[in-house]
Every structure is written in structure tokens, then in C-alpha cells.
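Asks: You'll find my_file39.txt just under this line, and it carries compact mmCIF, C-alpha atoms and all ligand atoms.
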# COMPACT_ATOMS: atom_id res chain seq x y z
CA MET A 1 141.79 101.19 45.46
CA ARG A 2 142.29 101.10 49.21
CA LYS A 3 141.62 97.89 51.14
CA PRO A 4 138.00 97.64 52.36
CA VAL A 5 137.68 98.07 56.08
CA VAL A 6 135.08 97.14 58.71
CA LEU A 7 133.92 99.76 61.21
CA ILE A 8 132.51 98.86 64.64
CA THR A 9 130.89 101.52 66.82
CA GLY A 10 130.37 100.89 70.53
CA ALA A 11 133.22 98.44 70.13
CA SER A 12 134.17 98.19 73.78
CA GLY A 13 130.69 96.94 74.73
CA GLU A 14 129.63 93.35 75.15
CA ILE A 15 128.81 92.48 71.53
CA GLY A 16 131.89 94.35 70.30
CA HIS A 17 134.13 92.17 72.43
CA GLY A 18 132.98 88.95 70.77
CA LEU A 19 132.72 90.49 67.32
CA ILE A 20 136.26 91.88 67.27
CA THR A 21 137.66 88.49 68.25
CA ARG A 22 135.73 86.75 65.46
CA LEU A 23 136.48 89.34 62.77
CA ALA A 24 140.17 89.41 63.70
CA ALA A 25 140.37 85.60 63.49
CA ASP A 26 138.72 85.73 60.07
CA GLY A 27 141.24 88.38 59.00
CA SER A 28 139.43 89.38 55.81
CA ARG A 29 139.31 93.13 56.58
CA PRO A 30 141.24 95.48 58.84
CA ILE A 31 139.06 96.55 61.79
CA LEU A 32 138.41 100.15 62.85
CA THR A 33 136.62 100.89 66.09
CA VAL A 34 134.93 103.92 67.64
CA ASP A 35 133.97 104.13 71.29
CA LEU A 36 134.07 106.58 74.14
CA LYS A 37 135.98 104.00 76.15
CA PRO A 38 139.26 102.46 75.04
CA LEU A 39 139.28 98.77 74.17
CA ASP A 40 141.01 96.51 76.66
CA ALA A 41 144.64 95.93 75.74
CA GLU A 42 144.11 92.44 74.31
CA GLN A 43 141.29 93.62 72.02
CA GLY A 44 143.21 96.76 71.09
CA ARG A 45 145.93 94.60 69.59
CA LEU A 46 143.40 93.00 67.23
CA VAL A 47 142.29 96.21 65.53
CA ALA A 48 144.01 98.34 62.89
CA ARG A 49 142.91 101.64 64.39
CA GLU A 50 140.98 102.64 67.47
CA PHE A 51 139.18 105.99 67.58
CA ILE A 52 138.31 107.16 71.07
CA GLY A 53 135.38 109.53 70.72
CA SER A 54 131.66 109.96 70.38
CA ILE A 55 129.59 108.97 67.37
CA LEU A 56 127.87 112.31 67.95
CA ASP A 57 131.13 114.06 67.11
CA ARG A 58 131.04 114.48 63.34
CA THR A 59 134.78 115.18 63.15
CA VAL A 60 135.54 111.58 64.17
CA LEU A 61 133.39 110.21 61.34
CA GLU A 62 134.75 112.77 58.87
CA ARG A 63 138.31 111.70 59.68
CA ILE A 64 137.39 108.06 59.06
CA LEU A 65 135.64 108.96 55.80
CA SER A 66 138.68 110.82 54.54
CA GLU A 67 141.15 108.05 55.38
CA PHE A 68 139.34 104.73 54.86
CA GLU A 69 137.06 102.87 52.49
CA ILE A 70 134.48 101.23 54.72
CA ASP A 71 132.25 98.58 53.21
CA LEU A 72 130.87 96.94 56.37
CA ILE A 73 129.56 98.67 59.49
CA PHE A 74 128.40 97.16 62.77
CA HIS A 75 126.71 100.02 64.57
CA LEU A 76 126.59 98.73 68.15
CA ALA A 77 126.78 101.95 70.17
CA ALA A 78 123.65 102.45 72.29
CA LEU A 79 122.34 103.42 75.70
CA LEU A 80 120.25 100.49 76.99
CA SER A 81 116.74 100.37 78.38
CA THR A 82 117.29 100.95 82.11
CA ARG A 83 119.89 103.68 81.69
CA GLY A 84 117.77 105.32 79.01
CA GLU A 85 114.89 105.82 81.44
CA PHE A 86 117.10 107.93 83.70
CA THR A 87 118.48 110.05 80.85
CA PRO A 88 115.94 109.84 78.02
CA VAL A 89 117.25 112.83 76.09
CA THR A 90 120.80 111.52 76.11
CA ALA A 91 119.48 108.08 75.12
CA HIS A 92 117.68 109.67 72.19
CA GLN A 93 120.81 111.56 71.16
CA VAL A 94 123.02 108.47 71.22
CA ASN A 95 120.48 105.96 69.90
CA VAL A 96 118.75 108.08 67.27
CA ALA A 97 121.01 111.02 66.38
CA GLY A 98 124.02 108.67 66.62
CA THR A 99 122.39 106.19 64.25
CA LEU A 100 121.44 108.99 61.85
CA HIS A 101 125.10 110.11 61.77
CA LEU A 102 126.23 106.58 61.04
CA LEU A 103 123.67 106.07 58.27
CA GLU A 104 124.69 109.38 56.69
CA PHE A 105 128.33 108.34 57.04
CA ALA A 106 127.54 104.98 55.39
CA GLN A 107 125.73 106.70 52.53
CA ASN A 108 128.73 109.03 52.03
CA GLU A 109 131.09 106.04 51.98
CA ARG A 110 128.79 104.31 49.47
CA GLN A 111 128.90 107.32 47.16
CA SER A 112 132.58 108.01 47.65
CA HIS A 113 134.03 104.57 46.87
CA GLY A 114 131.12 103.28 44.81
CA ARG A 115 130.98 99.78 46.25
CA PRO A 116 128.13 98.36 48.39
CA VAL A 117 128.16 99.29 52.07
CA THR A 118 126.46 96.80 54.39
CA PHE A 119 125.12 98.30 57.61
CA LEU A 120 124.40 95.85 60.43
CA TYR A 121 122.17 97.15 63.18
CA PRO A 122 121.33 95.31 66.40
CA SER A 123 117.82 96.17 67.46
CA SER A 124 116.10 94.55 70.42
CA ILE A 125 113.02 92.88 71.86
CA ALA A 126 112.60 96.29 73.53
CA ALA A 127 111.04 97.37 70.21
CA TYR A 128 107.96 95.42 71.33
CA GLY A 129 105.42 96.57 73.89
CA LEU A 130 102.81 94.08 75.02
CA PRO A 131 100.01 95.79 76.89
CA ASP A 132 99.59 93.35 79.81
CA LEU A 133 100.65 89.96 81.13
CA ALA A 134 97.53 88.18 79.85
CA THR A 135 98.32 89.35 76.29
CA LYS A 136 101.98 88.43 76.78
CA SER A 137 101.14 84.88 77.75
CA ARG A 138 98.58 84.52 74.93
CA ALA A 139 100.93 86.03 72.32
CA GLY A 140 103.55 83.23 72.48
CA LYS A 141 106.17 83.66 69.74
CA VAL A 142 105.79 87.25 68.60
CA LYS A 143 106.35 88.11 64.91
CA GLU A 144 108.39 91.11 63.80
CA ASP A 145 105.45 93.30 62.82
CA ASP A 146 103.24 92.67 65.85
CA PHE A 147 103.05 94.66 69.10
CA ASN A 148 105.40 97.42 67.89
CA LEU A 149 104.42 99.77 70.71
CA PRO A 150 107.52 100.08 72.90
CA THR A 151 107.23 101.68 76.33
CA THR A 152 110.89 102.67 76.90
CA MET A 153 112.93 105.45 75.32
CA TYR A 154 115.43 102.78 74.24
CA GLY A 155 112.68 100.66 72.64
CA CYS A 156 111.24 103.70 70.82
CA ASN A 157 114.74 104.61 69.65
CA LYS A 158 115.44 101.09 68.36
CA LEU A 159 112.15 100.88 66.48
CA TYR A 160 112.63 104.30 64.92
CA ALA A 161 116.26 103.54 64.00
CA GLU A 162 114.99 100.42 62.17
CA HIS A 163 112.75 102.73 60.15
CA LEU A 164 115.63 105.12 59.53
CA GLY A 165 117.67 102.21 58.18
CA ARG A 166 114.81 101.22 55.89
CA TYR A 167 114.53 104.84 54.72
CA TYR A 168 118.25 105.16 53.96
CA SER A 169 118.36 101.86 52.10
CA ARG A 170 115.18 102.28 50.05
CA HIS A 171 113.98 105.85 49.90
CA TYR A 172 116.94 108.15 50.69
CA LYS A 173 116.52 111.49 48.85
CA GLN A 174 113.69 110.10 46.78
CA LEU A 175 112.80 113.55 45.46
CA SER A 176 116.31 114.64 44.57
CA SER A 177 116.78 115.83 40.98
CA GLU A 178 119.80 113.57 40.70
CA THR A 179 118.78 109.92 40.91
CA VAL A 180 120.35 108.25 43.94
CA SER A 181 121.24 104.85 42.54
CA ALA A 182 123.54 103.70 45.33
CA ARG A 183 122.06 103.32 48.78
CA VAL A 184 123.18 101.67 51.99
CA ASP A 185 122.39 97.97 52.44
CA PHE A 186 120.71 98.09 55.88
CA ARG A 187 120.21 94.79 57.75
CA CYS A 188 118.90 94.43 61.27
CA VAL A 189 118.49 91.73 63.91
CA ARG A 190 116.23 92.16 66.89
CA PHE A 191 118.21 90.60 69.71
CA PRO A 192 116.75 89.07 72.85
CA GLY A 193 118.60 89.51 76.18
CA LEU A 194 122.23 88.52 75.60
CA ILE A 195 124.34 86.53 78.04
CA SER A 196 128.10 86.62 77.77
CA ALA A 197 130.47 84.49 79.80
CA VAL A 198 133.27 87.02 79.52
CA THR A 199 131.66 90.42 80.02
CA MET A 200 128.97 91.84 82.31
CA PRO A 201 126.26 94.06 80.86
CA SER A 202 125.30 97.39 82.36
CA GLY A 203 122.29 99.62 81.93
CA GLY A 204 119.92 97.00 80.52
CA THR A 205 116.74 95.50 81.96
CA SER A 206 117.47 91.94 80.82
CA ASP A 207 120.67 92.18 82.91
CA TYR A 208 119.21 90.03 85.72
CA ALA A 209 120.18 86.81 83.92
CA PRO A 210 123.86 87.58 83.28
CA GLU A 211 124.15 89.37 86.65
CA MET A 212 122.80 86.32 88.48
CA ILE A 213 125.31 83.97 86.86
CA HIS A 214 128.34 86.26 87.21
CA GLU A 215 127.57 87.32 90.80
CA VAL A 216 127.01 83.78 92.02
CA ALA A 217 130.15 82.56 90.24
CA GLN A 218 132.11 85.13 92.25
CA GLY A 219 130.60 83.80 95.48
CA HIS A 220 128.23 86.75 95.96
CA PRO A 221 124.54 86.49 96.90
CA TYR A 222 122.19 87.81 94.21
CA ALA A 223 118.84 89.55 94.66
CA CYS A 224 117.05 89.27 91.33
CA PHE A 225 115.15 92.44 90.40
CA VAL A 226 112.32 90.64 88.57
CA ARG A 227 109.75 88.03 89.65
CA GLU A 228 110.60 84.35 89.49
CA ASP A 229 107.97 83.75 86.77
CA THR A 230 109.35 86.48 84.45
CA ARG A 231 110.00 85.08 81.00
CA ILE A 232 111.75 86.71 78.04
CA PRO A 233 113.97 85.29 75.29
CA PHE A 234 117.75 85.14 75.73
CA MET A 235 120.74 84.11 73.65
CA ALA A 236 124.36 83.17 74.34
CA MET A 237 126.78 85.83 73.09
CA PRO A 238 128.62 83.61 70.54
CA ASP A 239 125.28 83.01 68.80
CA ALA A 240 124.57 86.75 68.75
CA VAL A 241 127.92 87.44 67.08
CA GLU A 242 127.36 84.57 64.65
CA ALA A 243 123.90 85.97 63.78
CA LEU A 244 125.39 89.37 62.88
CA LEU A 245 128.10 87.79 60.75
CA ARG A 246 125.71 85.43 59.01
CA LEU A 247 123.23 88.17 58.19
CA ALA A 248 126.11 90.35 56.95
CA ALA A 249 127.23 87.57 54.61
CA ALA A 250 123.77 86.63 53.30
CA PRO A 251 123.15 87.31 49.60
CA ALA A 252 120.89 90.36 49.28
CA GLY A 253 118.53 88.43 47.04
CA ALA A 254 117.75 85.94 49.82
CA LEU A 255 116.51 88.61 52.20
CA THR A 256 112.75 89.17 52.28
CA ARG A 257 112.85 91.63 55.18
CA GLN A 258 115.23 94.14 56.70
CA VAL A 259 114.46 93.41 60.35
CA TYR A 260 114.71 89.86 61.69
CA ASN A 261 113.86 88.39 65.08
CA VAL A 262 116.44 86.00 66.50
CA GLY A 263 116.00 83.94 69.65
CA ALA A 264 117.48 80.85 71.24
CA PHE A 265 115.85 79.98 74.59
CA ASN A 266 113.35 81.64 76.90
CA PRO A 267 113.66 80.48 80.50
CA SER A 268 111.83 82.09 83.40
CA ALA A 269 114.03 83.86 85.96
CA GLY A 270 113.28 80.92 88.30
CA GLU A 271 114.54 78.41 85.73
CA ILE A 272 117.75 80.42 85.36
CA ARG A 273 118.12 80.38 89.16
CA ASP A 274 117.71 76.56 89.14
CA LEU A 275 120.50 76.13 86.58
CA VAL A 276 122.74 78.53 88.47
CA LEU A 277 122.19 76.61 91.72
CA GLU A 278 122.90 73.32 89.97
CA ALA A 279 126.30 74.69 88.93
CA PHE A 280 126.99 76.51 92.20
CA PRO A 281 125.22 74.55 94.96
CA GLY A 282 124.67 76.57 98.12
CA ALA A 283 124.61 79.92 96.29
CA ARG A 284 122.07 82.45 97.55
CA VAL A 285 119.61 83.80 94.97
CA THR A 286 116.51 85.67 96.10
CA PHE A 287 113.77 87.47 94.20
CA GLU A 288 113.23 91.09 95.18
CA PRO A 289 111.34 92.61 92.25
CA ASP A 290 111.85 96.25 91.42
CA LEU A 291 108.31 97.03 90.27
CA LYS A 292 109.39 99.65 87.78
CA ARG A 293 112.01 97.52 86.01
CA GLN A 294 109.59 94.59 86.23
CA GLY A 295 107.05 96.74 84.41
CA ILE A 296 109.46 97.11 81.49
CA VAL A 297 110.28 93.40 81.20
CA ASP A 298 106.57 92.55 81.38
CA THR A 299 106.02 94.47 78.12
CA TRP A 300 108.65 92.38 76.31
CA PRO A 301 107.55 89.16 74.60
CA ALA A 302 107.94 85.78 76.29
CA ASP A 303 109.29 84.45 73.00
CA VAL A 304 109.97 85.53 69.43
CA ASP A 305 109.21 83.95 66.08
CA ASP A 306 112.54 83.78 64.25
CA SER A 307 111.39 81.60 61.37
CA ALA A 308 112.08 84.36 58.81
CA ALA A 309 115.76 84.50 59.88
CA ALA A 310 116.00 80.69 59.72
CA ARG A 311 114.43 80.61 56.26
CA ASP A 312 116.22 83.58 54.65
CA TRP A 313 119.77 83.34 55.98
CA GLY A 314 119.98 80.02 57.82
CA TYR A 315 119.84 81.39 61.36
CA SER A 316 120.17 78.50 63.78
CA PRO A 317 121.57 79.07 67.28
CA ARG A 318 124.24 76.65 68.46
CA PHE A 319 123.28 76.96 72.12
CA ASP A 320 119.94 75.97 73.62
CA LEU A 321 119.50 76.67 77.34
CA GLU A 322 121.17 73.50 78.62
CA ARG A 323 124.07 73.74 76.18
CA ALA A 324 124.55 77.44 76.88
CA PHE A 325 125.02 76.66 80.58
CA ALA A 326 126.90 73.36 80.29
CA ASP A 327 129.21 74.08 77.34
CA TYR A 328 129.68 77.84 77.37
CA LEU A 329 128.59 79.89 80.39
CA ILE A 330 129.56 77.80 83.41
CA PRO A 331 132.96 76.48 82.22
CA THR A 332 134.08 79.87 80.87
CA ILE A 333 132.85 81.83 83.88
CA ARG A 334 134.39 79.38 86.35
CA LYS A 335 137.77 79.72 84.65
CA GLN A 336 137.50 83.49 84.58
CA TYR A 337 136.84 83.90 88.31
CA GLN A 338 139.30 81.21 89.39
CA ARG A 339 142.20 83.21 87.96
C1 LIG B 401 118.27 95.83 77.61
O1 LIG B 401 117.93 95.16 78.59
O2 LIG B 401 118.04 97.03 77.48
C2 LIG B 401 118.97 95.12 76.48
C3 LIG B 401 118.00 94.67 75.45
C4 LIG B 401 117.03 93.59 75.76
O3 LIG B 401 118.01 95.17 74.37
N1 LIG B 401 119.72 94.03 76.97
Here is a file; write its structure as C-alpha cells.

Replies:
Amino acid sequence: MRKPVVLITGASGEIGHGLITRLAADGSRPILTVDLKPLDAEQGRLVAREFIGSILDRTVLERILSEFEIDLIFHLAALLSTRGEFTPVTAHQVNVAGTLHLLEFAQNERQSHGRPVTFLYPSSIAAYGLPDLATKSRAGKVKEDDFNLPTTMYGCNKLYAEHLGRYYSRHYKQLSSETVSARVDFRCVRFPGLISAVTMPSGGTSDYAPEMIHEVAQGHPYACFVREDTRIPFMAMPDAVEALLRLAAAPAGALTRQVYNVGAFNPSAGEIRDLVLEAFPGARVTFEPDLKRQGIVDTWPADVDDSAAARDWGYSPRFDLERAFADYLIPTIRKQYQR
């Protein structure tokens, strides 16, 4: 039997960065990565093998299938909500066809080595679509099965990919003459906006929060593209990585759902500005809403109900808003830009 391996797609993105570091420190499985972009040199040294290529290219996945026994997959590759609106067909290809390839790959691994394959999928608050601001403010903490009417290509893709995961794990080839006894173990978290102290996002619509902090820390003025009163949930990146690892490690019997909300804090853009100015007095932050991007954020919930994640697998974020700024974001970002 070959040693079980973990596969990360979209590994050179923001979540991949934190996840590789954590998985490498844990050392329980060799790490394989797939991304169009190479990992940075430091991260590259932490992985057993790095495949540079597209998840849409079946030959990459076929090579991996023939050489490795994968029992854990973090499928992170995606085109985010802002970028997806400029290239919706490409977004659909990457986010839906790409996910289909990975699920098929996971099912093939499951059948070929016979052991369980856990498939971790980060979905998003973009899977929600609240019809107007009055409903958004009345809705409060939104539950997983409410307001599932996304307005972006990315949100539609995420919601559909959740259903694909459910299909592969519960109903795959249900009419086949041969009984399919072994299916993929699909588990999904719906992330809020993520804020990392070490990487900058690109192509998302929740990017105003991390952009504001990183730009100001570099001494640049920042014009925020949403209104000051805009409110959506956010989370510090270490908690996002921890959530994926915790859900991956949860006993299957404890899980009552396949898709779980996770949240940590939900400041308005104005409250984020206040914390940024506290840390960097004299910085210049203005609000110059882009009405179209604003329209997207206005359909996302002001908060999420993550009680199912807390109950089933002990989800509990380490960082609330104050801690995220005081203990993680500001000290790490300061150090980074002082270098
Ligand atoms: C985006 O803004 O598209 C992402 C997300 C909220 O999923 N950060």
C-alpha cells in the first residue's frame, strides 16, 4: 500500500498558503498541489510534488491518479465573484466543470484504493442572494437553507457545486447495475469574506476589507468601493484554515449536514475603517462606492448562523474582530511591510 497523500487544488491562492503551512507542520501526509501558478519558493519546499497546470486538463488528474493514493482533497481552485462577472463562461468552466473533474477524480481514487476519500470544498456566502436591503437587515443570522438565490455567476457555481458534492457522496450512479458502495465523503464550509495578514486577495467582492488594511499599512490612501454602512461576515485566515482541518477530521457520524456556515465577526466597512485608523493614525480612507459591486455585496447576508458547525464539529473561531486586528492582522502586516 502506498502512503496516503493530500491533494490541494488552487494551492497558490490565499487559503492554500495557510493550509500548506499547517498541513506541512502536521506532517501526517505528503502534500501534492495543483495550480496554474507556481507556489512561492518557501511554500514549494513544503510540498512533495507540485503540478503546474489546470484542473480542466484531465491529463494532470490522470497522472496523479496513476501515481498516488489520495485520501484527502481540498479543492480550493475557483474564480471569485468580481472576476466571474467579467468572464462568466470561464468562471463556470473553472468553478463547475473543474469541480466536476475533481469529484470524478475523487470517486476514481475511492474505487481504486478502496479507502475513504474526504473531499473538502470551500463554498461562500455568495451562495446566498437576499432580495433587498430591508430583507437583509431583517434576516440577521442567515441559516444554510435560506435565501439560496445567488445573483453572481460565482455564487450560482458555488451553490451548484455544493449540490454536485451531495450527489457524488449520496447518489452517484444510483441506477447502475453494479451497486456503488463506495462514494466520496463530501464536506463543505460556506466561508464569509476572508482576511489574511500575509496575502492579498484578488477578484473577489469582499476584497475591500483586506485591501483597506494592506493598502493603508503600505502608506497608500484607500478608496473603499462599498458604502460605509455595508455589513457582511468576515473571518481571519487562520480560523478559515482551522475550520477546513477540523471539518476534515470530524467523525462522519457527527455530521448532520454536508454544508456548514462558518462566521466570526461582521463589522461594517466603516467599523473596519475605524480599526484601521486606530492602528495607522493619519491614514486616508474614503468611501467611493462602485454601485455595481455594491449591488453584489448587498445581496450577501449581514451575518450567518453557524450553530450547526459549532454543534456538529466544534467550530469556534479563535479571532473575534478586536483579536483579529490586535493579535493577528496588524502585528503581522506591520512586520511584513517593514521588511
Ligand atoms: C468573493 O468576494 O468573491 C469571495 C467570497 C465572499 O467568496 N471572497

Asks: So the first atom is CA of Leu194 (chain A) and the second is CA of His163 (chain A); what is the distance between them in Å, to one decimal place?

Replies: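 CA of His163 (chain A) lies 23.0 Å from CA of Leu194 (chain A).
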
Asks: Counting only C-alpha atoms and all ligand atoms, name the residues that have an atom within 8 Å of an atom of ligand LIG 401 (chain B); the answer should be given as a ChimeraX atom specification.

Replies: /A:79-82,123-126,154-155,191-194,201,203-207

Asks: For Phe74 (chain A), list every protein, DNA or RNA residue within 9 Å, evaluated using only C-alpha atoms, and leave out those in the same chain fewer than 6 positions away; present the list as an NGL selection string.

Replies: :A and (6-11 or 16 or 118-122 or 244)

Asks: Please provide the set of residues having any atom within 6 Å of region 87-103 of chain A, restricted to only C-alpha atoms, with same-chain residues fewer than 5 positions apart removed, written as a VMD selection string.

Replies: chain A and resid 55 to 56 78 to 79 153 157

Asks: Considering all atoms listed in the file, can you say which of A:Gln336, A:Thr21, A:Gln258, A:Asn266 comes closest to Arg166 (chain A)?

Replies: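 Under the stated criterion, the closest residue is A:Gln258.
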
Asks: Find the residues around Tyr172 (chain A) up to 12 Å (all atoms listed in the file counted), leave out those fewer than 6 positions away in its own chain, and share them as a PyMOL selection string.

Replies: chain A and resi 103-104+107-108+163-166+178-186

Asks: Output C-alpha atoms of each residue in that selection to a file, as a CSV table (one decimal), in the coordinates of the input.

Replies:
chain,number,residue,atom,x,y,z
A,103,LEU,CA,123.7,106.1,58.3
A,104,GLU,CA,124.7,109.4,56.7
A,107,GLN,CA,125.7,106.7,52.5
A,108,ASN,CA,128.7,109.0,52.0
A,163,HIS,CA,112.8,102.7,60.2
A,164,LEU,CA,115.6,105.1,59.5
A,165,GLY,CA,117.7,102.2,58.2
A,166,ARG,CA,114.8,101.2,55.9
A,178,GLU,CA,119.8,113.6,40.7
A,179,THR,CA,118.8,109.9,40.9
A,180,VAL,CA,120.4,108.2,43.9
A,181,SER,CA,121.2,104.8,42.5
A,182,ALA,CA,123.5,103.7,45.3
A,183,ARG,CA,122.1,103.3,48.8
A,184,VAL,CA,123.2,101.7,52.0
A,185,ASP,CA,122.4,98.0,52.4
A,186,PHE,CA,120.7,98.1,55.9

Asks: Compile the contact shell of Glu50 (chain A) as a list in words: residues with an atom at most 7 Å away, counting all atoms listed in the file, same-chain residues fewer than 5 positions apart removed.

Replies: Leu32, Thr33 and Val34 of chain A

Asks: One decimal, in Å: what's the spacing between CA of Asp305 (chain A) and CA of Phe265 (chain A)?

Replies: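 Value for the CA of Asp305 (chain A)-CA of Phe265 (chain A) distance: 11.5 Å.
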
Asks: Dump region 157-167 of chain A with all heavy atoms to a file, as a PDB file, in the first residue's frame.

Replies:
ATOM      1  N   ASN A 157     -22.371  29.103  -9.170  1.00  0.00           N
ATOM      2  CA  ASN A 157     -21.429  27.985  -9.306  1.00  0.00           C
ATOM      3  C   ASN A 157     -21.195  27.300  -7.955  1.00  0.00           C
ATOM      4  O   ASN A 157     -21.170  26.072  -7.864  1.00  0.00           O
ATOM      5  CB  ASN A 157     -20.065  28.472  -9.816  1.00  0.00           C
ATOM      6  CG  ASN A 157     -20.105  29.090 -11.196  1.00  0.00           C
ATOM      7  OD1 ASN A 157     -19.170  29.780 -11.597  1.00  0.00           O
ATOM      8  ND2 ASN A 157     -21.167  28.866 -11.941  1.00  0.00           N
ATOM      9  N   LYS A 158     -21.011  28.102  -6.913  1.00  0.00           N
ATOM     10  CA  LYS A 158     -20.738  27.531  -5.583  1.00  0.00           C
ATOM     11  C   LYS A 158     -21.934  26.714  -5.106  1.00  0.00           C
ATOM     12  O   LYS A 158     -21.786  25.600  -4.601  1.00  0.00           O
ATOM     13  CB  LYS A 158     -20.399  28.647  -4.582  1.00  0.00           C
ATOM     14  CG  LYS A 158     -19.012  29.238  -4.758  1.00  0.00           C
ATOM     15  CD  LYS A 158     -17.950  28.257  -4.291  1.00  0.00           C
ATOM     16  CE  LYS A 158     -16.546  28.748  -4.495  1.00  0.00           C
ATOM     17  NZ  LYS A 158     -15.529  27.727  -4.213  1.00  0.00           N
ATOM     18  N   LEU A 159     -23.131  27.275  -5.268  1.00  0.00           N
ATOM     19  CA  LEU A 159     -24.328  26.573  -4.801  1.00  0.00           C
ATOM     20  C   LEU A 159     -24.509  25.256  -5.569  1.00  0.00           C
ATOM     21  O   LEU A 159     -24.787  24.208  -4.989  1.00  0.00           O
ATOM     22  CB  LEU A 159     -25.544  27.484  -4.987  1.00  0.00           C
ATOM     23  CG  LEU A 159     -26.857  27.006  -4.370  1.00  0.00           C
ATOM     24  CD1 LEU A 159     -26.735  26.820  -2.863  1.00  0.00           C
ATOM     25  CD2 LEU A 159     -27.977  28.010  -4.678  1.00  0.00           C
ATOM     26  N   TYR A 160     -24.305  25.330  -6.876  1.00  0.00           N
ATOM     27  CA  TYR A 160     -24.463  24.114  -7.682  1.00  0.00           C
ATOM     28  C   TYR A 160     -23.380  23.080  -7.334  1.00  0.00           C
ATOM     29  O   TYR A 160     -23.668  21.866  -7.239  1.00  0.00           O
ATOM     30  CB  TYR A 160     -24.424  24.458  -9.177  1.00  0.00           C
ATOM     31  CG  TYR A 160     -24.476  23.248 -10.059  1.00  0.00           C
ATOM     32  CD1 TYR A 160     -25.549  22.361  -9.986  1.00  0.00           C
ATOM     33  CD2 TYR A 160     -23.436  22.954 -10.931  1.00  0.00           C
ATOM     34  CE1 TYR A 160     -25.593  21.217 -10.777  1.00  0.00           C
ATOM     35  CE2 TYR A 160     -23.479  21.822 -11.720  1.00  0.00           C
ATOM     36  CZ  TYR A 160     -24.542  20.953 -11.637  1.00  0.00           C
ATOM     37  OH  TYR A 160     -24.576  19.820 -12.402  1.00  0.00           O
ATOM     38  N   ALA A 161     -22.152  23.553  -7.118  1.00  0.00           N
ATOM     39  CA  ALA A 161     -21.070  22.616  -6.771  1.00  0.00           C
ATOM     40  C   ALA A 161     -21.366  21.934  -5.425  1.00  0.00           C
ATOM     41  O   ALA A 161     -21.017  20.763  -5.230  1.00  0.00           O
ATOM     42  CB  ALA A 161     -19.727  23.333  -6.731  1.00  0.00           C
ATOM     43  N   GLU A 162     -22.030  22.643  -4.515  1.00  0.00           N
ATOM     44  CA  GLU A 162     -22.452  22.002  -3.256  1.00  0.00           C
ATOM     45  C   GLU A 162     -23.389  20.836  -3.577  1.00  0.00           C
ATOM     46  O   GLU A 162     -23.294  19.754  -2.993  1.00  0.00           O
ATOM     47  CB  GLU A 162     -23.197  22.994  -2.361  1.00  0.00           C
ATOM     48  CG  GLU A 162     -22.346  24.125  -1.812  1.00  0.00           C
ATOM     49  CD  GLU A 162     -23.192  25.133  -1.022  1.00  0.00           C
ATOM     50  OE1 GLU A 162     -24.392  24.879  -0.799  1.00  0.00           O
ATOM     51  OE2 GLU A 162     -22.637  26.181  -0.628  1.00  0.00           O
ATOM     52  N   HIS A 163     -24.305  21.085  -4.515  1.00  0.00           N
ATOM     53  CA  HIS A 163     -25.249  20.016  -4.886  1.00  0.00           C
ATOM     54  C   HIS A 163     -24.533  18.864  -5.588  1.00  0.00           C
ATOM     55  O   HIS A 163     -24.864  17.692  -5.376  1.00  0.00           O
ATOM     56  CB  HIS A 163     -26.355  20.574  -5.782  1.00  0.00           C
ATOM     57  CG  HIS A 163     -27.340  21.418  -5.030  1.00  0.00           C
ATOM     58  ND1 HIS A 163     -28.146  20.910  -4.043  1.00  0.00           N
ATOM     59  CD2 HIS A 163     -27.625  22.739  -5.098  1.00  0.00           C
ATOM     60  CE1 HIS A 163     -28.901  21.883  -3.544  1.00  0.00           C
ATOM     61  NE2 HIS A 163     -28.596  23.010  -4.158  1.00  0.00           N
ATOM     62  N   LEU A 164     -23.544  19.219  -6.429  1.00  0.00           N
ATOM     63  CA  LEU A 164     -22.767  18.157  -7.077  1.00  0.00           C
ATOM     64  C   LEU A 164     -22.076  17.277  -6.032  1.00  0.00           C
ATOM     65  O   LEU A 164     -22.050  16.050  -6.165  1.00  0.00           O
ATOM     66  CB  LEU A 164     -21.685  18.769  -7.975  1.00  0.00           C
ATOM     67  CG  LEU A 164     -22.069  19.162  -9.393  1.00  0.00           C
ATOM     68  CD1 LEU A 164     -20.848  19.750 -10.098  1.00  0.00           C
ATOM     69  CD2 LEU A 164     -22.583  17.949 -10.167  1.00  0.00           C
ATOM     70  N   GLY A 165     -21.519  17.921  -5.016  1.00  0.00           N
ATOM     71  CA  GLY A 165     -20.842  17.175  -3.947  1.00  0.00           C
ATOM     72  C   GLY A 165     -21.817  16.248  -3.237  1.00  0.00           C
ATOM     73  O   GLY A 165     -21.503  15.083  -2.948  1.00  0.00           O
ATOM     74  N   ARG A 166     -23.001  16.767  -2.968  1.00  0.00           N
ATOM     75  CA  ARG A 166     -24.035  15.942  -2.316  1.00  0.00           C
ATOM     76  C   ARG A 166     -24.396  14.765  -3.229  1.00  0.00           C
ATOM     77  O   ARG A 166     -24.517  13.618  -2.789  1.00  0.00           O
ATOM     78  CB  ARG A 166     -25.261  16.823  -2.037  1.00  0.00           C
ATOM     79  CG  ARG A 166     -26.395  16.131  -1.304  1.00  0.00           C
ATOM     80  CD  ARG A 166     -27.496  17.127  -0.946  1.00  0.00           C
ATOM     81  NE  ARG A 166     -27.956  17.875  -2.099  1.00  0.00           N
ATOM     82  CZ  ARG A 166     -28.791  17.414  -3.035  1.00  0.00           C
ATOM     83  NH1 ARG A 166     -29.263  16.188  -2.941  1.00  0.00           N
ATOM     84  NH2 ARG A 166     -29.150  18.161  -4.064  1.00  0.00           N
ATOM     85  N   TYR A 167     -24.518  15.040  -4.525  1.00  0.00           N
ATOM     86  CA  TYR A 167     -24.851  13.969  -5.475  1.00  0.00           C
ATOM     87  C   TYR A 167     -23.757  12.883  -5.466  1.00  0.00           C
ATOM     88  O   TYR A 167     -24.043  11.689  -5.340  1.00  0.00           O
ATOM     89  CB  TYR A 167     -25.030  14.542  -6.897  1.00  0.00           C
ATOM     90  CG  TYR A 167     -25.060  13.459  -7.928  1.00  0.00           C
ATOM     91  CD1 TYR A 167     -26.197  12.668  -8.085  1.00  0.00           C
ATOM     92  CD2 TYR A 167     -23.929  13.167  -8.700  1.00  0.00           C
ATOM     93  CE1 TYR A 167     -26.206  11.611  -8.998  1.00  0.00           C
ATOM     94  CE2 TYR A 167     -23.939  12.122  -9.604  1.00  0.00           C
ATOM     95  CZ  TYR A 167     -25.074  11.346  -9.751  1.00  0.00           C
ATOM     96  OH  TYR A 167     -25.072  10.289 -10.628  1.00  0.00           O
TER      97      TYR A 167
END
